[in-house]
Amino acid sequence: MTDDKDVLRDVWFGRIPTCFTLYQDEITEREAEPYYLLLPRVSYLTLVTDKVKKHFQKVMRQEDISEIWFEYEGTPLKWHYPIGLLFDLLASSSALPWNITVHFKSFPEKDLLHCPSKDAIEAHFMSCVKEADALKHKSQVINEMQKKDHKQLWMGLQNDNNR
């Protein structure tokens, strides 16, 4: 039988090969090359947004760029769900790499929440950690952590430093 630590390690260090492509109706000055990344399962798409945006901005006019959002096969991807969860729910039976479409226009207001800042991502992440700790350990772990430990946990996730 597989040890719990093996499963935890596989999830924590797991990566999903991903291909980001610009939506076909986005206006570009030249053809946009796909952008490939290995995404950590225990992270959020909004933490890689800057890399993806920087790649595609090279072929777009500044006035054609607004809020970035992602979709997979017509389904907008929620920024507040971990990458691994999104993949497992929507694409686990698909061939790799995971093909995600990048949009800069027509934000789907009815389907997605706006992500105002990295502070919002951090607050959401810490809320999820606290909720999980409350359910599993009656809040004993998170309550024993100091503020600097909370920050270190977040910085590790944000910087993909989970080793």
# chains A, B, ... in the order shown; residues from 1 in each chain; ligands from 1
$ residues_around --residues "region 48-56 of chain A" --least-positions-apart "3" --cutoff "12 Å" --atoms "only C-alpha atoms" --output "number ranges by chain"
A: 18-23, 26-40, 43-45, 59-62, 64-70, 79, 83, 100-104, 115, 117-118, 157-160
$ residues_around --residues "region 142-145 of chain A" --least-positions-apart "6" --cutoff "10 Å" --atoms "only C-alpha atoms" --output "ChimeraX atom specification"
/A:126,129-134
$ write_last_selection --atoms "N, CA and C atoms" --output "JSON list (two decimals), in the first residue's frame"
[["chain", "number", "residue", "atom", "x", "y", "z"],
["A", 126, "MET", "N", -4.62, 31.75, 2.33],
["A", 126, "MET", "CA", -4.54, 31.61, 3.78],
["A", 126, "MET", "C", -5.89, 31.21, 4.38],
["A", 129, "VAL", "N", -6.16, 27.50, 3.83],
["A", 129, "VAL", "CA", -5.28, 26.78, 4.75],
["A", 129, "VAL", "C", -5.92, 26.72, 6.14],
["A", 130, "LYS", "N", -6.45, 27.85, 6.58],
["A", 130, "LYS", "CA", -7.09, 27.91, 7.91],
["A", 130, "LYS", "C", -8.32, 27.00, 7.97],
["A", 131, "GLU", "N", -9.09, 27.01, 6.90],
["A", 131, "GLU", "CA", -10.29, 26.15, 6.86],
["A", 131, "GLU", "C", -9.90, 24.67, 6.90],
["A", 132, "ALA", "N", -8.91, 24.30, 6.11],
["A", 132, "ALA", "CA", -8.45, 22.90, 6.10],
["A", 132, "ALA", "C", -7.91, 22.49, 7.46],
["A", 133, "ASP", "N", -7.15, 23.38, 8.10],
["A", 133, "ASP", "CA", -6.60, 23.09, 9.42],
["A", 133, "ASP", "C", -7.72, 22.95, 10.45],
["A", 134, "ALA", "N", -8.74, 23.78, 10.34],
["A", 134, "ALA", "CA", -9.87, 23.70, 11.28],
["A", 134, "ALA", "C", -10.58, 22.35, 11.13]]
$ select_by_dssp --residues "region 6-156 of chain A" --states "helix (DSSP H, G or I)" --output "PyMOL selection string"
chain A and resi 6-13+45-47+49-57+62-64+83-90+118-137+140-144+147-156
$ select_by_dssp --residues "chain A" --states "strand (DSSP E or B)" --output "list of chain:residue names"
A:Arg15, A:Ile16, A:Pro17, A:Thr18, A:Cys19, A:Phe20, A:Thr21, A:Leu22, A:Tyr35, A:Tyr36, A:Leu37, A:Leu38, A:Leu39, A:Pro40, A:Trp69, A:Phe70, A:Glu71, A:Tyr72, A:Thr75, A:Pro76, A:Trp98, A:Asn99, A:Ile100, A:Thr101, A:Val102, A:His103
$ atom_distance --atom1 "CA of Arg41 (chain A)" --atom2 "CA of Thr75 (chain A)"
18.8 Å
$ atom_distance --atom1 "CA of Leu112 (chain A)" --atom2 "CA of Phe13 (chain A)"
27.6 Å
